[in-house]
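Student: Submitted below is the structure of interest, expressed as structure tokens.
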Amino acid sequence: MEPFLGMIGEGFLWAMGLIGLNADLMSRYGLRFLEGVWVTLQLVGLSIVFGAVLALPLAIARVEGGKVLSRAAFTYSYFFRGTPLLAQTFLIYYGAGQFREQLTDIGLWWFFRDAFNCAVFTFTLNTAAYQSEILRGGIQTLPAGQMEAAQALGLSRVLAYRKIILPQAIAVGLRPLGNELVLMIKASAIASVITVYDLMGVTRLAFSRSYDMEVYLWAAVLYLVMVEIVRRVWNVLERRLNRHLLVSR
Amino acid sequence: MLDLLELLSFGPNGWGDEILQGALLTIELALVTLPVGIAIGLAVAVAKDSRSRALRAVGDLYTTVFRGLPELLTLFIVYYGGQMLLTRLAGYVVEGAHIEVNQFVAGVVALGLVLGAFSSEVLLAAIRAVPKGQKEAASALGLSGWNTFRLVTFPQLWRVALPGLSNNWMVLLKDTSLVSVIAISDLMRQTSIAVGVTKQPFFFYLVACLIYLVFSGLSSFVFTALENRASRGFKRVGGH
């Protein structure tokens, strides 16, 4: 297996040299770039999933909560949508360093000590704000009759949300959720500023050592491929999940 | 708490004036980028709306690339790439010449390219929202091409485009923080300098966040006024 993989690598580098890329540079940094892609995917995947978990109660608080709860949820999303992600990342990463003793006391310092964790934490809070807005919008486009009919059938509010409201709200918000995923992939490059070696971090490292612009080109292609894959997958997903809404053309 | 507020005072002991200068530079950067980005966006939108297949393909490629790349990457490519390209070009003229790209210009170009990609989508939708009959009616009334655009097409296009453009502006305002990475002394960078000296990251970054919030609050105030003005001749559902 090992020599076989080596041969594929050799062949790949040869082909890259053939189309005019710097094969020598690629053999030195190629694998690190792949590791960087993996870190980026982890950053985005974890943040999006945790963000979704957090977005659900926030959206419901906006719609169903009383004055206090809905205000609080609104303030949360206003703050995180109105300030730059870079500032939020600095606030949490450097801010946590300032509260080191308190965080050690409550046993959370191990988490905030790591730049990767801080990035995931910040991105989660950020995307939760955006996702909760999308979800709220989806819920509020539904006619009141949906909830009334559910209750007339004897469904509890929780059950009505789970079986009737949320599936429709997510269907409405599917496209914006896809856009949010794309935005998150792009925004994850910010993690490189706080020493995380994601794709962008690896690129900056390779550039600072080689001074070859080509590494930025590789990064650009890799990011575009990731974004394009998400877009394609989302188009299929949307057609599949919303097929009952499709108008025949 | 009082000590912290003292850190924000103006003068040699406080960071108020430095941060304010940074905030002004942030606004300046965004305001200079806006016309650049809208101009690019308009050109790309017209290209995407044109009959020529090649022009449409170029427009689509442009949007795909600059909407898909992280803004930080675009910034680095423009800054370092521009520097290398210009140095090489200058090398042909003068042996061993070296050109430093001004960071502010690099920031404006990079953010303008990104804004162009996003606003082209908004403008394209707005261009298509104006029915062809409007143009035909204008030419039947004997209006010249420029007058048709100024008096008939643009006011209608503007109304449709404004909400989208206001969104683009908000994103631009936040994206300007990225230029601090290439050492422009904008709000973000000035804040980081203050943090470096005072060792109060939480407080200063929170202040920076609040300043950004004030900016976006003011912007949405202005845009609401603009939108009301743009749609004064248009009756909405619900009657207001």
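Labeling convention for the structure tokens: chains A, B, ... as they appear, residues from 1 per chain, ligands from 1 in order of appearance.
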Might you pull out every residue within 8 Å of Cys118 in chain A, with only C-alpha atoms counted and same-chain residues fewer than 6 positions away left off, and present them as a ChimeraX atom specification?

Tutor: /A:89,92-93,111-112

Student: Pull out every residue of chain B sitting within 9 Å of chain A, counting only C-alpha atoms, and send them as an mmCIF file with N, CA and C atoms, in the first residue's frame.

Tutor:
```cif
data_model
loop_
_atom_site.group_PDB
_atom_site.id
_atom_site.type_symbol
_atom_site.label_atom_id
_atom_site.label_comp_id
_atom_site.auth_asym_id
_atom_site.auth_seq_id
_atom_site.Cartn_x
_atom_site.Cartn_y
_atom_site.Cartn_z
ATOM 1 N N THR B 64 -18.239 34.104 -9.109
ATOM 2 C CA THR B 64 -17.942 32.830 -8.454
ATOM 3 C C THR B 64 -16.638 32.936 -7.669
ATOM 4 N N VAL B 65 -15.623 33.531 -8.283
ATOM 5 C CA VAL B 65 -14.315 33.604 -7.631
ATOM 6 C C VAL B 65 -14.364 34.512 -6.410
ATOM 7 N N GLY B 68 -16.513 33.371 -3.552
ATOM 8 C CA GLY B 68 -16.109 32.109 -2.951
ATOM 9 C C GLY B 68 -14.833 32.199 -2.130
ATOM 10 N N LEU B 69 -13.965 33.156 -2.455
ATOM 11 C CA LEU B 69 -12.696 33.260 -1.731
ATOM 12 C C LEU B 69 -12.906 33.935 -0.386
ATOM 13 N N PRO B 70 -12.195 33.489 0.647
ATOM 14 C CA PRO B 70 -12.233 34.219 1.915
ATOM 15 C C PRO B 70 -11.691 35.636 1.691
ATOM 16 N N GLU B 71 -12.318 36.613 2.346
ATOM 17 C CA GLU B 71 -11.897 37.997 2.152
ATOM 18 C C GLU B 71 -10.433 38.185 2.542
ATOM 19 N N LEU B 72 -10.027 37.439 3.566
ATOM 20 C CA LEU B 72 -8.644 37.546 4.036
ATOM 21 C C LEU B 72 -7.672 37.110 2.938
ATOM 22 N N LEU B 73 -8.045 36.041 2.229
ATOM 23 C CA LEU B 73 -7.187 35.532 1.152
ATOM 24 C C LEU B 73 -7.111 36.547 0.014
ATOM 25 N N THR B 74 -8.257 37.114 -0.357
ATOM 26 C CA THR B 74 -8.276 38.137 -1.403
ATOM 27 C C THR B 74 -7.356 39.295 -1.021
ATOM 28 N N PHE B 76 -4.723 39.254 0.989
ATOM 29 C CA PHE B 76 -3.308 38.876 0.892
ATOM 30 C C PHE B 76 -2.866 38.804 -0.558
ATOM 31 N N ILE B 77 -3.728 38.229 -1.414
ATOM 32 C CA ILE B 77 -3.350 38.102 -2.825
ATOM 33 C C ILE B 77 -3.163 39.491 -3.433
ATOM 34 N N TYR B 80 0.206 41.212 -1.369
ATOM 35 C CA TYR B 80 1.516 40.635 -1.705
ATOM 36 C C TYR B 80 1.667 40.451 -3.209
ATOM 37 N N GLY B 81 0.586 39.962 -3.849
ATOM 38 C CA GLY B 81 0.637 39.742 -5.294
ATOM 39 C C GLY B 81 0.848 41.052 -6.038
ATOM 40 N N MET B 84 4.421 42.158 -5.729
ATOM 41 C CA MET B 84 5.354 41.406 -6.572
ATOM 42 C C MET B 84 5.179 41.757 -8.034
ATOM 43 N N MET B 170 -23.271 46.876 5.137
ATOM 44 C CA MET B 170 -23.052 46.378 6.502
ATOM 45 C C MET B 170 -21.924 45.341 6.516
ATOM 46 N N VAL B 171 -21.940 44.457 5.515
ATOM 47 C CA VAL B 171 -20.896 43.433 5.447
ATOM 48 C C VAL B 171 -19.534 44.097 5.213
ATOM 49 N N LEU B 173 -18.599 47.077 6.070
ATOM 50 C CA LEU B 173 -18.177 47.760 7.289
ATOM 51 C C LEU B 173 -17.468 46.793 8.231
ATOM 52 N N LYS B 174 -18.006 45.576 8.336
ATOM 53 C CA LYS B 174 -17.388 44.592 9.214
ATOM 54 C C LYS B 174 -16.110 44.028 8.603
ATOM 55 N N ASP B 175 -16.121 43.866 7.265
ATOM 56 C CA ASP B 175 -14.935 43.303 6.607
ATOM 57 C C ASP B 175 -13.720 44.228 6.684
ATOM 58 N N THR B 176 -13.966 45.539 6.875
ATOM 59 C CA THR B 176 -12.813 46.442 6.946
ATOM 60 C C THR B 176 -11.883 46.050 8.091
ATOM 61 N N SER B 177 -12.439 45.361 9.123
ATOM 62 C CA SER B 177 -11.590 44.989 10.256
ATOM 63 C C SER B 177 -10.440 44.088 9.808
ATOM 64 N N LEU B 178 -10.626 43.389 8.674
ATOM 65 C CA LEU B 178 -9.584 42.457 8.222
ATOM 66 C C LEU B 178 -8.308 43.163 7.802
ATOM 67 N N VAL B 181 -4.928 43.276 9.609
ATOM 68 C CA VAL B 181 -3.923 42.212 9.512
ATOM 69 C C VAL B 181 -2.744 42.646 8.647
ATOM 70 N N MET B 188 -9.628 48.309 14.472
ATOM 71 C CA MET B 188 -9.205 47.032 15.037
ATOM 72 C C MET B 188 -7.740 47.065 15.454
ATOM 73 N N SER B 192 -5.896 46.806 19.100
ATOM 74 C CA SER B 192 -4.903 45.792 19.435
ATOM 75 C C SER B 192 -3.658 46.427 20.044
ATOM 76 N N LYS B 199 -2.772 45.594 28.513
ATOM 77 C CA LYS B 199 -3.117 44.223 28.940
ATOM 78 C C LYS B 199 -4.570 44.132 29.417
ATOM 79 N N GLN B 200 -5.437 44.832 28.717
ATOM 80 C CA GLN B 200 -6.874 44.759 29.037
ATOM 81 C C GLN B 200 -7.644 44.338 27.789
ATOM 82 N N PRO B 201 -7.386 43.113 27.253
ATOM 83 C CA PRO B 201 -8.012 42.749 25.976
ATOM 84 C C PRO B 201 -9.532 42.760 26.026
ATOM 85 N N PHE B 202 -10.103 42.201 27.091
ATOM 86 C CA PHE B 202 -11.550 42.053 27.115
ATOM 87 C C PHE B 202 -12.241 43.406 27.017
ATOM 88 N N PHE B 203 -11.776 44.339 27.828
ATOM 89 C CA PHE B 203 -12.390 45.661 27.846
ATOM 90 C C PHE B 203 -12.249 46.366 26.497
ATOM 91 N N PHE B 204 -11.027 46.391 25.948
ATOM 92 C CA PHE B 204 -10.816 47.165 24.722
ATOM 93 C C PHE B 204 -11.514 46.544 23.508
ATOM 94 N N TYR B 205 -11.460 45.202 23.400
ATOM 95 C CA TYR B 205 -12.147 44.599 22.251
ATOM 96 C C TYR B 205 -13.655 44.771 22.371
ATOM 97 N N LEU B 206 -14.158 44.808 23.618
ATOM 98 C CA LEU B 206 -15.586 45.057 23.800
ATOM 99 C C LEU B 206 -15.935 46.478 23.339
ATOM 100 N N ALA B 208 -14.320 48.161 21.082
ATOM 101 C CA ALA B 208 -14.273 48.155 19.615
ATOM 102 C C ALA B 208 -15.567 47.594 19.049
ATOM 103 N N CYS B 209 -16.045 46.496 19.636
ATOM 104 C CA CYS B 209 -17.307 45.897 19.174
ATOM 105 C C CYS B 209 -18.448 46.902 19.275
ATOM 106 N N LEU B 210 -18.492 47.635 20.397
ATOM 107 C CA LEU B 210 -19.577 48.598 20.580
ATOM 108 C C LEU B 210 -19.490 49.704 19.535
ATOM 109 N N ILE B 211 -18.265 50.125 19.182
ATOM 110 C CA ILE B 211 -18.126 51.159 18.152
ATOM 111 C C ILE B 211 -18.649 50.641 16.808
ATOM 112 N N TYR B 212 -18.303 49.384 16.481
ATOM 113 C CA TYR B 212 -18.842 48.807 15.247
ATOM 114 C C TYR B 212 -20.362 48.776 15.292
ATOM 115 N N LEU B 213 -20.918 48.454 16.474
ATOM 116 C CA LEU B 213 -22.379 48.415 16.608
ATOM 117 C C LEU B 213 -22.989 49.793 16.364
ATOM 118 N N VAL B 214 -22.319 50.827 16.884
ATOM 119 C CA VAL B 214 -22.808 52.186 16.669
ATOM 120 C C VAL B 214 -22.806 52.508 15.177
ATOM 121 N N PHE B 215 -21.718 52.120 14.493
ATOM 122 C CA PHE B 215 -21.635 52.361 13.051
ATOM 123 C C PHE B 215 -22.774 51.674 12.311
ATOM 124 N N SER B 216 -23.020 50.405 12.659
ATOM 125 C CA SER B 216 -24.074 49.719 11.894
ATOM 126 C C SER B 216 -25.442 50.275 12.266
ATOM 127 N N GLY B 217 -25.594 50.719 13.526
ATOM 128 C CA GLY B 217 -26.855 51.349 13.899
ATOM 129 C C GLY B 217 -27.113 52.625 13.099
#
```

Student: Which residues come within 10 Å of Arg175 in chain A, counting only C-alpha atoms, excluding same-chain residues fewer than 3 positions away, as a compact mmCIF listing (two decimals) with N, CA and C atoms, in the first residue's frame?

Tutor:
```txt
# COMPACT_ATOMS: atom_id res chain seq x y z
N ILE A 134 -32.32 33.09 10.56
CA ILE A 134 -32.87 32.36 9.41
C ILE A 134 -34.07 31.52 9.86
N ILE A 170 -37.56 25.01 8.34
CA ILE A 170 -36.25 24.65 7.81
C ILE A 170 -36.30 24.57 6.29
N ALA A 171 -37.42 24.08 5.76
CA ALA A 171 -37.56 24.04 4.30
C ALA A 171 -37.48 25.44 3.71
N VAL A 172 -38.13 26.40 4.37
CA VAL A 172 -38.09 27.78 3.89
C VAL A 172 -36.67 28.34 4.00
N GLY A 178 -27.71 27.27 3.55
CA GLY A 178 -26.60 26.90 2.67
C GLY A 178 -25.64 28.07 2.50
N ASN A 179 -26.20 29.27 2.32
CA ASN A 179 -25.36 30.46 2.20
C ASN A 179 -24.55 30.68 3.47
N GLU A 180 -25.16 30.41 4.60
CA GLU A 180 -24.47 30.59 5.87
C GLU A 180 -23.30 29.61 5.97
N LEU A 181 -23.50 28.40 5.48
CA LEU A 181 -22.42 27.41 5.49
C LEU A 181 -21.25 27.90 4.64
N ARG A 231 -22.18 24.28 -2.62
CA ARG A 231 -23.26 24.82 -3.44
C ARG A 231 -23.97 23.74 -4.23
N TRP A 234 -25.95 21.49 -1.98
CA TRP A 234 -27.14 22.18 -1.49
C TRP A 234 -28.22 22.24 -2.55
N ASN A 235 -27.81 22.43 -3.82
CA ASN A 235 -28.80 22.44 -4.89
C ASN A 235 -29.55 21.13 -4.95
N LEU A 237 -29.82 18.93 -2.49
CA LEU A 237 -30.56 18.80 -1.24
C LEU A 237 -31.87 19.58 -1.32
N GLU A 238 -31.77 20.79 -1.86
CA GLU A 238 -32.95 21.63 -1.91
C GLU A 238 -34.01 21.03 -2.84
```

Student: With distances taken over only C-alpha atoms, which residue among A:Glu133, A:Glu10, A:Glu148, A:Asp198 lies nearest Val63 in chain A?

Tutor: A:Glu133

Student: Which is closer to Ser166 in chain B than all the others in B:Gly82, B:Ala225, B:Gln134, B:Val195, using only C-alpha atoms?

Tutor: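 Counting only C-alpha atoms, the residue closest to Ser166 in chain B is B:Ala225.
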
Student: Calculate how many Å separate CA of Lys67 in chain A from CA of Gly138 in chain A, rounding to one decimal.

Tutor: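 Rounded to one decimal, the two atoms are 20.6 Å apart.
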
Student: How would you write, as a ChimeraX atom specification, the set of residues in range 184-224 of chain A that DSSP gives as helix (DSSP H, G or I)?

Tutor: /A:184-194,199-210,214-224

Student: Let me make sure I understand: among A:Gln102, A:Gln131, A:Asn22, A:Asn117, which one has the smallest atom-to-atom distance to Ile60 in chain A if we use only C-alpha atoms?

Tutor: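 Ranked by minimum distance to Ile60 in chain A, first place goes to A:Gln131.
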
Student: Would you work out the distance separating CA of Gly107 in chain B from CA of Tyr79 in chain B, expressed in Å to one decimal?

Tutor: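 So the two atoms, CA of Gly107 in chain B and CA of Tyr79 in chain B, lie 7.8 Å apart.
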
Student: What does the structure give for the distance between CA of Gly201 in chain A and CA of Phe33 in chain A, in Å to one decimal?

Tutor: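 A separation of 9.3 Å between them.
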
Student: Need to verify the contact set: Leu165 in chain B, 12 Å, only C-alpha atoms, exclusion of same-chain residues closer than 4 positions in sequence. Can you return it as an MDAnalysis selection string?

Tutor: chainID B and resid 34:35 37:38 41:42 115:126 157:161 169:172 219:220 223:224 226:227

Student: Write the residues you've just listed into a file as a compact mmCIF listing (two decimals), in the first residue's frame, and include N, CA and C atoms for each of them.

Tutor:
```
# COMPACT_ATOMS: atom_id res chain seq x y z
N LEU B 34 -16.73 51.98 -1.09
CA LEU B 34 -18.11 51.87 -1.58
C LEU B 34 -18.26 52.21 -3.08
N PRO B 35 -17.84 53.42 -3.54
CA PRO B 35 -18.01 53.70 -4.96
C PRO B 35 -17.21 52.76 -5.86
N GLY B 37 -16.47 49.59 -5.26
CA GLY B 37 -17.18 48.32 -5.32
C GLY B 37 -18.45 48.39 -6.14
N ILE B 38 -19.21 49.49 -5.97
CA ILE B 38 -20.47 49.61 -6.71
C ILE B 38 -20.19 49.74 -8.20
N GLY B 41 -19.38 46.41 -9.40
CA GLY B 41 -20.61 45.64 -9.39
C GLY B 41 -21.51 45.97 -10.57
N LEU B 42 -21.61 47.26 -10.88
CA LEU B 42 -22.45 47.69 -12.00
C LEU B 42 -21.90 47.15 -13.31
N LEU B 115 -16.79 43.50 -2.72
CA LEU B 115 -18.07 44.22 -2.76
C LEU B 115 -18.65 44.19 -4.17
N GLY B 116 -17.77 44.31 -5.17
CA GLY B 116 -18.23 44.26 -6.57
C GLY B 116 -18.95 42.96 -6.87
N ALA B 117 -18.39 41.85 -6.38
CA ALA B 117 -19.00 40.56 -6.65
C ALA B 117 -20.38 40.48 -6.01
N PHE B 118 -20.48 40.91 -4.74
CA PHE B 118 -21.77 40.79 -4.06
C PHE B 118 -22.79 41.78 -4.60
N SER B 119 -22.35 43.02 -4.87
CA SER B 119 -23.33 44.01 -5.31
C SER B 119 -23.77 43.76 -6.75
N SER B 120 -22.95 43.06 -7.55
CA SER B 120 -23.36 42.79 -8.93
C SER B 120 -24.64 41.94 -8.94
N GLU B 121 -24.74 41.02 -7.98
CA GLU B 121 -25.95 40.19 -7.90
C GLU B 121 -27.18 41.04 -7.61
N VAL B 122 -27.01 41.95 -6.64
CA VAL B 122 -28.11 42.84 -6.27
C VAL B 122 -28.52 43.72 -7.44
N LEU B 123 -27.50 44.31 -8.10
CA LEU B 123 -27.79 45.24 -9.19
C LEU B 123 -28.39 44.52 -10.39
N LEU B 124 -27.92 43.28 -10.63
CA LEU B 124 -28.47 42.52 -11.76
C LEU B 124 -29.97 42.30 -11.55
N ALA B 125 -30.33 41.88 -10.33
CA ALA B 125 -31.75 41.66 -10.03
C ALA B 125 -32.53 42.96 -10.20
N ALA B 126 -31.92 44.08 -9.80
CA ALA B 126 -32.61 45.37 -9.90
C ALA B 126 -32.78 45.78 -11.37
N LEU B 157 -34.73 51.30 -10.43
CA LEU B 157 -33.69 50.33 -10.13
C LEU B 157 -33.17 50.53 -8.70
N TRP B 158 -33.01 51.77 -8.35
CA TRP B 158 -32.50 52.19 -7.05
C TRP B 158 -33.37 51.66 -5.92
N ARG B 159 -34.69 51.77 -6.11
CA ARG B 159 -35.60 51.33 -5.06
C ARG B 159 -35.48 49.83 -4.80
N VAL B 160 -35.33 49.07 -5.90
CA VAL B 160 -35.22 47.62 -5.73
C VAL B 160 -33.86 47.25 -5.16
N ALA B 161 -32.82 48.01 -5.55
CA ALA B 161 -31.45 47.63 -5.17
C ALA B 161 -31.11 48.03 -3.73
N TRP B 169 -23.33 46.95 2.34
CA TRP B 169 -22.60 47.97 3.07
C TRP B 169 -22.27 47.51 4.49
N MET B 170 -23.27 46.88 5.14
CA MET B 170 -23.05 46.38 6.50
C MET B 170 -21.92 45.34 6.52
N VAL B 171 -21.94 44.46 5.51
CA VAL B 171 -20.90 43.43 5.45
C VAL B 171 -19.53 44.10 5.21
N LEU B 172 -19.52 45.10 4.33
CA LEU B 172 -18.28 45.82 4.05
C LEU B 172 -17.71 46.45 5.32
N SER B 219 -25.79 53.39 10.23
CA SER B 219 -25.99 53.05 8.82
C SER B 219 -27.42 52.62 8.57
N SER B 220 -27.96 51.80 9.47
CA SER B 220 -29.31 51.31 9.19
C SER B 220 -30.31 52.46 9.30
N PHE B 223 -30.01 54.18 5.93
CA PHE B 223 -30.58 53.39 4.84
C PHE B 223 -32.11 53.34 4.92
N THR B 224 -32.65 53.33 6.15
CA THR B 224 -34.11 53.34 6.26
C THR B 224 -34.66 54.63 5.66
N LEU B 226 -33.22 56.47 3.36
CA LEU B 226 -33.05 56.41 1.90
C LEU B 226 -34.13 55.53 1.27
N GLU B 227 -34.42 54.40 1.93
CA GLU B 227 -35.41 53.49 1.37
C GLU B 227 -36.79 54.14 1.35
```

Student: If we count only C-alpha atoms and set the cut-off at 8 Å, which residues sit around Trp38 in chain A, ignoring sequence neighbours fewer than 3 positions away in its own chain? Please answer as a ChimeraX atom specification.

Tutor: /A:34-35,41-42,198-199
